[in-house]
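Text of the file query.csv, holding CSV, N, CA and C atoms:
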```csv
chain,number,residue,atom,x,y,z
A,1,MET,N,71.0,-31.8,0.2
A,1,MET,CA,70.2,-32.7,-0.6
A,1,MET,C,68.7,-32.2,-0.6
A,2,THR,N,68.1,-32.2,-1.7
A,2,THR,CA,66.7,-31.8,-1.8
A,2,THR,C,65.8,-32.9,-1.5
A,3,ASP,N,64.6,-32.6,-0.9
A,3,ASP,CA,63.6,-33.6,-0.6
A,3,ASP,C,63.1,-34.1,-2.0
A,4,SER,N,62.9,-35.4,-2.0
A,4,SER,CA,62.4,-36.0,-3.2
A,4,SER,C,60.9,-36.0,-3.4
A,5,ASN,N,60.2,-35.3,-2.4
A,5,ASN,CA,58.8,-35.1,-2.4
A,5,ASN,C,58.4,-33.7,-2.4
A,6,TYR,N,57.2,-33.4,-2.9
A,6,TYR,CA,56.5,-32.2,-2.7
A,6,TYR,C,55.7,-32.3,-1.4
A,7,HIS,N,55.5,-31.3,-0.7
A,7,HIS,CA,54.7,-31.3,0.5
A,7,HIS,C,53.8,-30.0,0.5
A,8,GLY,N,52.6,-30.1,1.1
A,8,GLY,CA,51.8,-29.0,1.2
A,8,GLY,C,50.6,-29.2,2.1
A,9,SER,N,49.7,-28.2,2.1
A,9,SER,CA,48.5,-28.3,3.0
A,9,SER,C,47.4,-27.4,2.4
A,10,CYS,N,46.2,-27.6,3.0
A,10,CYS,CA,45.1,-26.7,2.7
A,10,CYS,C,45.3,-25.4,3.5
A,11,LEU,N,44.4,-24.5,3.3
A,11,LEU,CA,44.6,-23.2,3.9
A,11,LEU,C,44.6,-23.2,5.4
A,12,CYS,N,43.8,-24.1,6.1
A,12,CYS,CA,43.8,-24.2,7.5
A,12,CYS,C,44.8,-25.1,8.1
A,13,GLY,N,45.4,-25.9,7.2
A,13,GLY,CA,46.5,-26.9,7.6
A,13,GLY,C,46.0,-28.2,8.1
A,14,SER,N,44.7,-28.5,8.1
A,14,SER,CA,44.2,-29.7,8.6
A,14,SER,C,44.3,-30.9,7.6
A,15,VAL,N,44.5,-30.6,6.3
A,15,VAL,CA,44.8,-31.6,5.3
A,15,VAL,C,46.2,-31.4,4.8
A,16,ARG,N,47.0,-32.5,4.8
A,16,ARG,CA,48.4,-32.4,4.4
A,16,ARG,C,48.5,-33.4,3.2
A,17,VAL,N,49.4,-33.0,2.2
A,17,VAL,CA,49.6,-33.8,1.1
A,17,VAL,C,51.1,-34.0,0.9
A,18,LYS,N,51.5,-35.1,0.4
A,18,LYS,CA,52.9,-35.4,0.0
A,18,LYS,C,52.8,-36.2,-1.3
A,19,LEU,N,53.6,-35.8,-2.3
A,19,LEU,CA,53.7,-36.6,-3.5
A,19,LEU,C,55.1,-36.5,-4.1
A,20,PRO,N,55.5,-37.4,-4.9
A,20,PRO,CA,56.9,-37.5,-5.4
A,20,PRO,C,57.1,-36.4,-6.5
A,21,ARG,N,58.4,-35.9,-6.4
A,21,ARG,CA,58.8,-35.0,-7.5
A,21,ARG,C,59.0,-35.8,-8.8
A,22,ASP,N,59.6,-37.0,-8.6
A,22,ASP,CA,59.9,-37.9,-9.7
A,22,ASP,C,58.7,-38.5,-10.2
A,23,GLY,N,58.4,-38.4,-11.5
A,23,GLY,CA,57.2,-39.0,-12.0
A,23,GLY,C,55.9,-38.1,-12.0
A,24,ALA,N,56.0,-36.9,-11.4
A,24,ALA,CA,54.9,-36.0,-11.3
A,24,ALA,C,54.9,-35.1,-12.6
A,25,MET,N,53.7,-34.7,-13.0
A,25,MET,CA,53.6,-33.8,-14.2
A,25,MET,C,52.6,-32.8,-13.9
A,26,SER,N,52.9,-31.5,-14.2
A,26,SER,CA,52.1,-30.4,-13.9
A,26,SER,C,51.2,-30.1,-15.1
A,27,ALA,N,49.9,-29.9,-14.8
A,27,ALA,CA,48.9,-29.6,-15.9
A,27,ALA,C,48.0,-28.5,-15.5
A,28,ILE,N,47.4,-27.8,-16.5
A,28,ILE,CA,46.4,-26.8,-16.4
A,28,ILE,C,45.1,-27.4,-17.0
A,29,CYS,N,44.0,-27.3,-16.3
A,29,CYS,CA,42.7,-27.7,-16.8
A,29,CYS,C,41.8,-26.5,-16.9
A,30,HIS,N,41.3,-26.2,-18.2
A,30,HIS,CA,40.5,-25.1,-18.5
A,30,HIS,C,39.0,-25.4,-18.5
A,31,CYS,N,38.6,-26.6,-18.1
A,31,CYS,CA,37.2,-26.9,-18.2
A,31,CYS,C,36.4,-26.0,-17.3
A,32,THR,N,35.1,-25.8,-17.7
A,32,THR,CA,34.3,-24.9,-16.9
A,32,THR,C,34.0,-25.3,-15.5
A,33,HIS,N,34.1,-26.6,-15.2
A,33,HIS,CA,33.8,-27.0,-13.8
A,33,HIS,C,35.0,-26.7,-13.0
A,34,CYS,N,36.3,-26.8,-13.5
A,34,CYS,CA,37.4,-26.4,-12.7
A,34,CYS,C,37.5,-24.9,-12.5
A,35,GLN,N,37.0,-24.2,-13.5
A,35,GLN,CA,36.9,-22.7,-13.4
A,35,GLN,C,36.0,-22.4,-12.2
A,36,LYS,N,34.8,-23.1,-12.1
A,36,LYS,CA,33.9,-22.8,-11.1
A,36,LYS,C,34.4,-23.3,-9.7
A,37,GLN,N,35.1,-24.4,-9.7
A,37,GLN,CA,35.6,-24.9,-8.4
A,37,GLN,C,36.7,-24.0,-7.9
A,38,THR,N,37.5,-23.5,-8.7
A,38,THR,CA,38.7,-22.7,-8.2
A,38,THR,C,38.3,-21.2,-8.1
A,39,GLY,N,37.2,-20.8,-8.8
A,39,GLY,CA,36.9,-19.4,-8.9
A,39,GLY,C,37.9,-18.6,-9.6
A,40,SER,N,38.5,-19.3,-10.6
A,40,SER,CA,39.7,-18.7,-11.3
A,40,SER,C,39.5,-19.1,-12.8
A,41,ALA,N,40.5,-18.7,-13.6
A,41,ALA,CA,40.5,-19.0,-15.0
A,41,ALA,C,40.8,-20.4,-15.3
A,42,TYR,N,41.5,-21.2,-14.4
A,42,TYR,CA,41.8,-22.6,-14.7
A,42,TYR,C,42.2,-23.2,-13.4
A,43,SER,N,42.4,-24.5,-13.4
A,43,SER,CA,42.9,-25.2,-12.2
A,43,SER,C,44.3,-25.8,-12.6
A,44,THR,N,45.3,-25.7,-11.7
A,44,THR,CA,46.6,-26.3,-11.9
A,44,THR,C,46.6,-27.5,-11.0
A,45,VAL,N,47.1,-28.6,-11.5
A,45,VAL,CA,47.2,-29.9,-10.8
A,45,VAL,C,48.5,-30.5,-11.0
A,46,LEU,N,48.9,-31.3,-10.1
A,46,LEU,CA,50.1,-32.1,-10.2
A,46,LEU,C,49.6,-33.6,-10.3
A,47,MET,N,49.9,-34.2,-11.4
A,47,MET,CA,49.5,-35.6,-11.7
A,47,MET,C,50.7,-36.4,-11.2
A,48,ALA,N,50.4,-37.4,-10.3
A,48,ALA,CA,51.5,-38.2,-9.7
A,48,ALA,C,51.0,-39.6,-9.6
A,49,PRO,N,51.9,-40.6,-9.7
A,49,PRO,CA,51.5,-42.0,-9.5
A,49,PRO,C,50.7,-42.2,-8.2
A,50,ALA,N,49.5,-42.8,-8.3
A,50,ALA,CA,48.6,-42.9,-7.2
A,50,ALA,C,49.2,-43.6,-6.0
A,51,ALA,N,50.0,-44.6,-6.2
A,51,ALA,CA,50.6,-45.3,-5.1
A,51,ALA,C,51.6,-44.5,-4.3
A,52,ASP,N,52.0,-43.4,-4.9
A,52,ASP,CA,53.0,-42.5,-4.2
A,52,ASP,C,52.5,-41.3,-3.6
A,53,VAL,N,51.2,-41.1,-3.7
A,53,VAL,CA,50.5,-39.9,-3.2
A,53,VAL,C,50.0,-40.1,-1.8
A,54,GLU,N,50.2,-39.2,-0.8
A,54,GLU,CA,49.7,-39.4,0.5
A,54,GLU,C,48.9,-38.1,0.8
A,55,VAL,N,47.6,-38.3,1.3
A,55,VAL,CA,46.7,-37.3,1.7
A,55,VAL,C,46.3,-37.6,3.1
A,56,GLU,N,46.5,-36.7,4.1
A,56,GLU,CA,46.1,-37.0,5.5
A,56,GLU,C,45.2,-35.9,5.9
A,57,GLY,N,44.1,-36.3,6.6
A,57,GLY,CA,43.2,-35.3,7.2
A,57,GLY,C,41.8,-35.6,6.7
A,58,GLN,N,40.8,-35.0,7.3
A,58,GLN,CA,39.4,-35.2,7.0
A,58,GLN,C,39.1,-34.5,5.6
A,59,LEU,N,38.4,-35.2,4.8
A,59,LEU,CA,38.1,-34.7,3.5
A,59,LEU,C,36.6,-34.8,3.2
A,60,ALA,N,36.1,-33.9,2.4
A,60,ALA,CA,34.7,-33.9,1.9
A,60,ALA,C,34.7,-34.0,0.4
A,61,THR,N,33.6,-34.5,-0.2
A,61,THR,CA,33.6,-34.8,-1.6
A,61,THR,C,32.3,-34.2,-2.2
A,62,PHE,N,32.5,-33.5,-3.3
A,62,PHE,CA,31.3,-33.0,-4.1
A,62,PHE,C,31.3,-33.9,-5.4
A,63,ASN,N,30.2,-34.6,-5.6
A,63,ASN,CA,30.1,-35.5,-6.8
A,63,ASN,C,29.6,-34.7,-8.0
A,64,ASP,N,30.5,-34.7,-9.0
A,64,ASP,CA,30.3,-33.8,-10.2
A,64,ASP,C,30.3,-34.8,-11.4
A,65,ALA,N,30.2,-34.3,-12.6
A,65,ALA,CA,30.3,-35.1,-13.8
A,65,ALA,C,31.1,-34.3,-14.8
A,66,ASN,N,31.8,-35.0,-15.7
A,66,ASN,CA,32.6,-34.3,-16.7
A,66,ASN,C,31.7,-34.0,-17.9
A,67,ASP,N,32.3,-33.5,-19.0
A,67,ASP,CA,31.5,-33.1,-20.1
A,67,ASP,C,30.9,-34.3,-20.9
A,68,GLN,N,31.3,-35.5,-20.5
A,68,GLN,CA,30.7,-36.7,-21.1
A,68,GLN,C,29.8,-37.4,-20.2
A,69,GLY,N,29.5,-36.7,-19.0
A,69,GLY,CA,28.5,-37.3,-18.1
A,69,GLY,C,29.1,-38.3,-17.1
A,70,GLN,N,30.4,-38.5,-17.2
A,70,GLN,CA,31.1,-39.5,-16.3
A,70,GLN,C,31.4,-38.9,-14.9
A,71,PRO,N,31.3,-39.7,-13.9
A,71,PRO,CA,31.5,-39.1,-12.5
A,71,PRO,C,32.9,-38.5,-12.3
A,72,VAL,N,32.9,-37.4,-11.6
A,72,VAL,CA,34.2,-36.8,-11.2
A,72,VAL,C,34.0,-36.4,-9.7
A,73,GLN,N,34.9,-36.7,-8.9
A,73,GLN,CA,34.8,-36.3,-7.5
A,73,GLN,C,35.7,-35.1,-7.3
A,74,ARG,N,35.1,-34.0,-6.7
A,74,ARG,CA,35.8,-32.8,-6.3
A,74,ARG,C,36.1,-32.9,-4.8
A,75,ILE,N,37.3,-33.2,-4.4
A,75,ILE,CA,37.6,-33.5,-3.0
A,75,ILE,C,38.2,-32.2,-2.4
A,76,PHE,N,37.7,-31.9,-1.2
A,76,PHE,CA,38.2,-30.6,-0.6
A,76,PHE,C,38.2,-30.7,0.9
A,77,CYS,N,38.8,-29.7,1.6
A,77,CYS,CA,38.9,-29.7,3.0
A,77,CYS,C,37.5,-29.2,3.5
A,78,PRO,N,36.8,-29.9,4.4
A,78,PRO,CA,35.5,-29.4,4.9
A,78,PRO,C,35.6,-28.3,5.8
A,79,ARG,N,36.8,-28.0,6.4
A,79,ARG,CA,37.0,-26.9,7.3
A,79,ARG,C,37.2,-25.6,6.6
A,80,CYS,N,38.1,-25.5,5.7
A,80,CYS,CA,38.4,-24.2,5.0
A,80,CYS,C,38.0,-24.2,3.6
A,81,GLY,N,37.6,-25.3,3.0
A,81,GLY,CA,37.1,-25.3,1.6
A,81,GLY,C,38.1,-25.4,0.5
A,82,SER,N,39.4,-25.5,0.9
A,82,SER,CA,40.4,-25.6,-0.1
A,82,SER,C,40.3,-26.9,-1.0
A,83,PRO,N,40.3,-26.7,-2.3
A,83,PRO,CA,40.3,-27.9,-3.2
A,83,PRO,C,41.5,-28.7,-2.9
A,84,ILE,N,41.4,-30.0,-2.9
A,84,ILE,CA,42.6,-30.9,-2.6
A,84,ILE,C,42.9,-31.7,-3.8
A,85,GLU,N,41.9,-32.4,-4.4
A,85,GLU,CA,42.1,-33.4,-5.5
A,85,GLU,C,40.9,-33.4,-6.4
A,86,THR,N,41.1,-33.8,-7.6
A,86,THR,CA,40.1,-34.1,-8.6
A,86,THR,C,40.3,-35.6,-8.9
A,87,ALA,N,39.2,-36.4,-8.7
A,87,ALA,CA,39.3,-37.8,-9.0
A,87,ALA,C,38.2,-38.2,-10.0
A,88,SER,N,38.7,-39.0,-11.0
A,88,SER,CA,37.7,-39.5,-12.0
A,88,SER,C,38.1,-40.9,-12.4
A,89,ALA,N,37.2,-41.6,-13.2
A,89,ALA,CA,37.6,-42.9,-13.7
A,89,ALA,C,38.8,-42.8,-14.6
A,90,ALA,N,38.9,-41.7,-15.4
A,90,ALA,CA,40.0,-41.5,-16.3
A,90,ALA,C,41.3,-41.4,-15.5
A,91,SER,N,41.4,-40.7,-14.4
A,91,SER,CA,42.6,-40.5,-13.7
A,91,SER,C,42.9,-41.9,-13.0
A,92,ALA,N,41.9,-42.6,-12.5
A,92,ALA,CA,42.2,-43.9,-11.9
A,92,ALA,C,42.7,-44.9,-12.9
A,93,ALA,N,42.1,-44.8,-14.1
A,93,ALA,CA,42.6,-45.8,-15.1
A,93,ALA,C,44.0,-45.6,-15.5
A,94,THR,N,44.5,-44.4,-15.4
A,94,THR,CA,45.9,-44.1,-15.8
A,94,THR,C,46.8,-44.3,-14.6
A,95,GLY,N,46.3,-44.6,-13.4
A,95,GLY,CA,47.1,-44.8,-12.3
A,95,GLY,C,47.7,-43.5,-11.6
A,96,PHE,N,47.0,-42.4,-11.9
A,96,PHE,CA,47.5,-41.1,-11.4
A,96,PHE,C,46.4,-40.5,-10.5
A,97,ARG,N,46.9,-39.7,-9.6
A,97,ARG,CA,46.0,-38.8,-8.8
A,97,ARG,C,46.3,-37.4,-9.1
A,98,LEU,N,45.3,-36.5,-9.1
A,98,LEU,CA,45.4,-35.1,-9.5
A,98,LEU,C,45.3,-34.3,-8.3
A,99,ILE,N,46.4,-33.8,-7.8
A,99,ILE,CA,46.4,-33.0,-6.6
A,99,ILE,C,46.6,-31.5,-7.0
A,100,LYS,N,45.8,-30.6,-6.3
A,100,LYS,CA,45.8,-29.2,-6.7
A,100,LYS,C,47.2,-28.6,-6.3
A,101,SER,N,47.8,-28.0,-7.3
A,101,SER,CA,49.1,-27.4,-7.2
A,101,SER,C,49.2,-26.3,-6.2
A,102,GLY,N,48.2,-25.5,-5.9
A,102,GLY,CA,48.2,-24.4,-5.0
A,102,GLY,C,48.4,-24.9,-3.6
A,103,LEU,N,48.3,-26.1,-3.3
A,103,LEU,CA,48.5,-26.6,-1.9
A,103,LEU,C,50.0,-26.7,-1.6
A,104,LEU,N,50.9,-26.8,-2.6
A,104,LEU,CA,52.3,-27.1,-2.3
A,104,LEU,C,53.0,-26.0,-1.7
A,105,ASP,N,53.8,-26.3,-0.6
A,105,ASP,CA,54.7,-25.3,0.0
A,105,ASP,C,55.8,-25.1,-0.9
A,106,GLY,N,56.1,-23.8,-1.1
A,106,GLY,CA,57.3,-23.5,-2.0
A,106,GLY,C,56.9,-23.4,-3.4
A,107,GLY,N,55.7,-23.6,-3.8
A,107,GLY,CA,55.3,-23.5,-5.2
A,107,GLY,C,55.3,-24.8,-5.9
A,108,ALA,N,54.8,-24.7,-7.1
A,108,ALA,CA,54.7,-25.9,-8.0
A,108,ALA,C,55.5,-25.7,-9.3
A,109,PRO,N,55.9,-26.8,-10.0
A,109,PRO,CA,56.6,-26.6,-11.2
A,109,PRO,C,55.7,-26.0,-12.3
A,110,ALA,N,56.3,-25.5,-13.3
A,110,ALA,CA,55.6,-24.9,-14.4
A,110,ALA,C,54.7,-26.0,-15.1
A,111,PRO,N,53.5,-25.6,-15.6
A,111,PRO,CA,52.7,-26.6,-16.3
A,111,PRO,C,53.4,-27.1,-17.5
A,112,GLN,N,53.2,-28.4,-17.8
A,112,GLN,CA,53.7,-29.1,-19.0
A,112,GLN,C,52.7,-29.3,-20.0
A,113,ILE,N,51.4,-29.4,-19.6
A,113,ILE,CA,50.3,-29.6,-20.6
A,113,ILE,C,49.1,-28.7,-20.2
A,114,GLN,N,48.2,-28.5,-21.1
A,114,GLN,CA,46.9,-27.9,-20.9
A,114,GLN,C,45.8,-28.7,-21.5
A,115,ILE,N,44.7,-28.9,-20.8
A,115,ILE,CA,43.6,-29.6,-21.3
A,115,ILE,C,42.3,-28.8,-21.2
A,116,PHE,N,41.3,-29.2,-22.0
A,116,PHE,CA,40.0,-28.5,-22.2
A,116,PHE,C,40.2,-27.1,-22.6
A,117,CYS,N,41.1,-26.9,-23.5
A,117,CYS,CA,41.5,-25.6,-24.0
A,117,CYS,C,40.3,-24.9,-24.7
A,118,ASP,N,39.3,-25.7,-25.2
A,118,ASP,CA,38.1,-25.1,-25.8
A,118,ASP,C,37.4,-24.2,-24.9
A,119,SER,N,37.5,-24.5,-23.6
A,119,SER,CA,36.8,-23.8,-22.5
A,119,SER,C,37.7,-22.6,-21.9
A,120,ALA,N,38.9,-22.5,-22.4
A,120,ALA,CA,39.8,-21.5,-21.8
A,120,ALA,C,39.2,-20.1,-22.0
A,121,LEU,N,39.4,-19.2,-21.0
A,121,LEU,CA,39.0,-17.8,-21.1
A,121,LEU,C,39.6,-17.1,-22.3
A,122,ASP,N,39.0,-16.1,-22.8
A,122,ASP,CA,39.4,-15.5,-24.0
A,122,ASP,C,40.6,-14.5,-23.9
A,123,TRP,N,41.2,-14.3,-22.7
A,123,TRP,CA,42.2,-13.3,-22.6
A,123,TRP,C,43.6,-14.0,-22.6
A,124,PRO,N,44.6,-13.2,-23.0
A,124,PRO,CA,45.9,-13.9,-23.2
A,124,PRO,C,46.5,-14.3,-21.8
A,125,PHE,N,47.2,-15.4,-21.8
A,125,PHE,CA,47.8,-15.9,-20.6
A,125,PHE,C,49.2,-15.3,-20.3
A,126,SER,N,49.7,-14.5,-21.2
A,126,SER,CA,51.0,-13.8,-20.9
A,126,SER,C,50.6,-12.6,-20.1
A,127,LEU,N,51.1,-12.6,-18.9
A,127,LEU,CA,50.8,-11.5,-18.0
A,127,LEU,C,51.9,-10.5,-17.8
A,128,GLN,N,52.9,-10.6,-18.6
A,128,GLN,CA,54.1,-9.8,-18.5
A,128,GLN,C,53.9,-8.3,-18.6
A,129,ASP,N,52.8,-7.9,-19.4
A,129,ASP,CA,52.6,-6.5,-19.6
A,129,ASP,C,51.6,-5.9,-18.5
A,130,VAL,N,51.1,-6.8,-17.7
A,130,VAL,CA,50.1,-6.3,-16.6
A,130,VAL,C,50.9,-5.9,-15.4
A,131,PRO,N,50.6,-4.7,-14.9
A,131,PRO,CA,51.3,-4.2,-13.7
A,131,PRO,C,51.4,-5.2,-12.6
A,132,ARG,N,52.5,-5.3,-11.9
A,132,ARG,CA,52.7,-6.3,-10.8
A,132,ARG,C,53.1,-5.5,-9.5
A,133,PHE,N,52.6,-6.1,-8.4
A,133,PHE,CA,52.8,-5.5,-7.1
A,133,PHE,C,53.3,-6.7,-6.2
A,134,ALA,N,54.2,-6.4,-5.3
A,134,ALA,CA,54.7,-7.4,-4.4
A,134,ALA,C,53.6,-7.8,-3.4
A,135,ARG,N,52.7,-6.9,-3.0
A,135,ARG,CA,51.6,-7.1,-2.1
A,135,ARG,C,50.4,-6.3,-2.6
A,136,MET,N,49.3,-6.4,-1.9
A,136,MET,CA,48.1,-5.7,-2.3
A,136,MET,C,48.4,-4.2,-2.3
A,137,PRO,N,48.2,-3.5,-3.4
A,137,PRO,CA,48.5,-2.0,-3.4
A,137,PRO,C,47.5,-1.3,-2.4
A,138,THR,N,48.0,-0.3,-1.8
A,138,THR,CA,47.2,0.5,-0.9
A,138,THR,C,47.1,2.0,-1.4
A,139,GLY,N,46.1,2.6,-1.0
A,139,GLY,CA,45.9,4.1,-1.3
A,139,GLY,C,45.1,4.3,-2.4
```

Would you put the structure from the file into structure tokens?
Amino acid sequence: MTDSNYHGSCLCGSVRVKLPRDGAMSAICHCTHCQKQTGSAYSTVLMAPAADVEVEGQLATFNDANDQGQPVQRIFCPRCGSPIETASAASAATGFRLIKSGLLDGGAPAPQIQIFCDSALDWPFSLQDVPRFARMPTG
């Protein structure tokens, strides 16, 4: 029997997350603030019903604003800096929490939607033709 929940942690392990597989949806956000927070081309999140999400451990918050000037909280581990969650009035109004997919042990499901695509980087997202290595190449 498979576990009905996703489990994961921050890089140092001091923050743990648990959220349901059932009812969760994977999304990519291309907004410039998510790009800056992740230091990457986009942020992947798992949207899950707020009542079913558990986050344990000490957290820190950076108060940000979205493109309409509304508050957005960037929640992270104060020890290792791993992003944990993005919280906004919009996510609260829908009854969902947005947990960063990279925290999940064993990986996350493929994204089902993309948002803020106007801010997406200009390179193609199909990486099939880019050389791949199992680990960091040496030499």

If you measure from atom N of Val17 in chain A to atom N of Glu56 in chain A, what distance in Å do you get, rounded to one decimal?
-> 5.1 Å

Tell me, as JSON, numbers by chain, which residues lie within 6 Å of Glu85 in chain A, counting only N, CA and C atoms; anything in the same chain fewer than 4 positions away does not count.
-> {"A": [73, 74, 75, 76, 98, 99, 100]}

Write down as number ranges by chain the residues belonging to chain A that are assigned alpha helix (DSSP H) by DSSP computed on the backbone.
-> A: 32-38, 89-94

Quick one: pick out all strand (DSSP E) residues within chain A from a backbone DSSP run and write them as a PyMOL selection string.
-> chain A and resi 5-9+16-20+25-29+43-49+54-56+60-65+71-76+83-88+96-100+113-115

One-decimal distance in Å that lies between CA of Gln114 in chain A and atom C of Lys36 in chain A | 17.4 Å

Residues near range 77-81 of chain A, cut-off 6 Å, only N, CA and C atoms, skip fewer than 6 positions along chain, as a PDB file with N, CA and C atoms, in the coordinates of the input:
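Below you can see selection-v2.pdb, which holds the result:
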```pdb
ATOM      1  N   CYS A  12      43.800 -24.100   6.100  1.00  0.00           N
ATOM      2  CA  CYS A  12      43.800 -24.200   7.500  1.00  0.00           C
ATOM      3  C   CYS A  12      44.800 -25.100   8.100  1.00  0.00           C
ATOM      4  N   GLN A  58      40.800 -35.000   7.300  1.00  0.00           N
ATOM      5  CA  GLN A  58      39.400 -35.200   7.000  1.00  0.00           C
ATOM      6  C   GLN A  58      39.100 -34.500   5.600  1.00  0.00           C
ATOM      7  N   LEU A  59      38.400 -35.200   4.800  1.00  0.00           N
ATOM      8  CA  LEU A  59      38.100 -34.700   3.500  1.00  0.00           C
ATOM      9  C   LEU A  59      36.600 -34.800   3.200  1.00  0.00           C
ATOM     10  N   ALA A  60      36.100 -33.900   2.400  1.00  0.00           N
ATOM     11  CA  ALA A  60      34.700 -33.900   1.900  1.00  0.00           C
ATOM     12  C   ALA A  60      34.700 -34.000   0.400  1.00  0.00           C
TER      13      ALA A  60
END
```

Point out the residue among A:Val72, A:Cys29, A:Ala93, A:Leu104 with the least atom-to-atom distance to Pro49 in chain A, counting only C-alpha atoms.
-> A:Ala93

A:Ser88, A:Leu121, A:Met47, A:Pro131 ranked by distance to Gly23 in chain A, top pick (using only N, CA and C atoms) | A:Met47

For CA of Ala65 in chain A and atom N of Gly102 in chain A, determine how far apart the two atoms are, in Å to one decimal place.
->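 Interatomic distance here is 21.8 Å.
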
Of the residues A:Gly69, A:Asp52, A:Gly13, A:Leu46, which is the one nearest to Ala27 in chain A, using all atoms listed in the file?
-> A:Leu46

Counting only C-alpha atoms, the residue of A:Ser9, A:His30, A:Ala92, A:Gln70 that sits nearest Ala48 in chain A | A:Ala92

Work out where the centre of an axis-aligned box around every listed atom of range 35-48 of chain A lies and how long its edges are once 6 Å is added on each side; give both in Å to one decimal as JSON.
```
{"center_x": 42.7, "center_y": -29.1, "center_z": -11.6, "size_x": 29.6, "size_y": 33.0, "size_z": 19.4}
```

Find the residues near Val55 in chain A: any atom within 6.5 Å, counting only N, CA and C atoms, skip ones fewer than 3 places away on the same chain, and give them as number ranges by chain.
-> A: 15-18

Return the single residue from A:Ser82, A:Pro71, A:Pro20, A:Tyr6 that is closest to Gly39 in chain A, with distances computed using only C-alpha atoms.
->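 Of all the options, A:Ser82 lies closest to Gly39 in chain A.
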
Counting only N, CA and C atoms, which of A:Asp3, A:His33, A:Thr61, A:Ile28 gets nearest to Ala110 in chain A?
-> A:Ile28
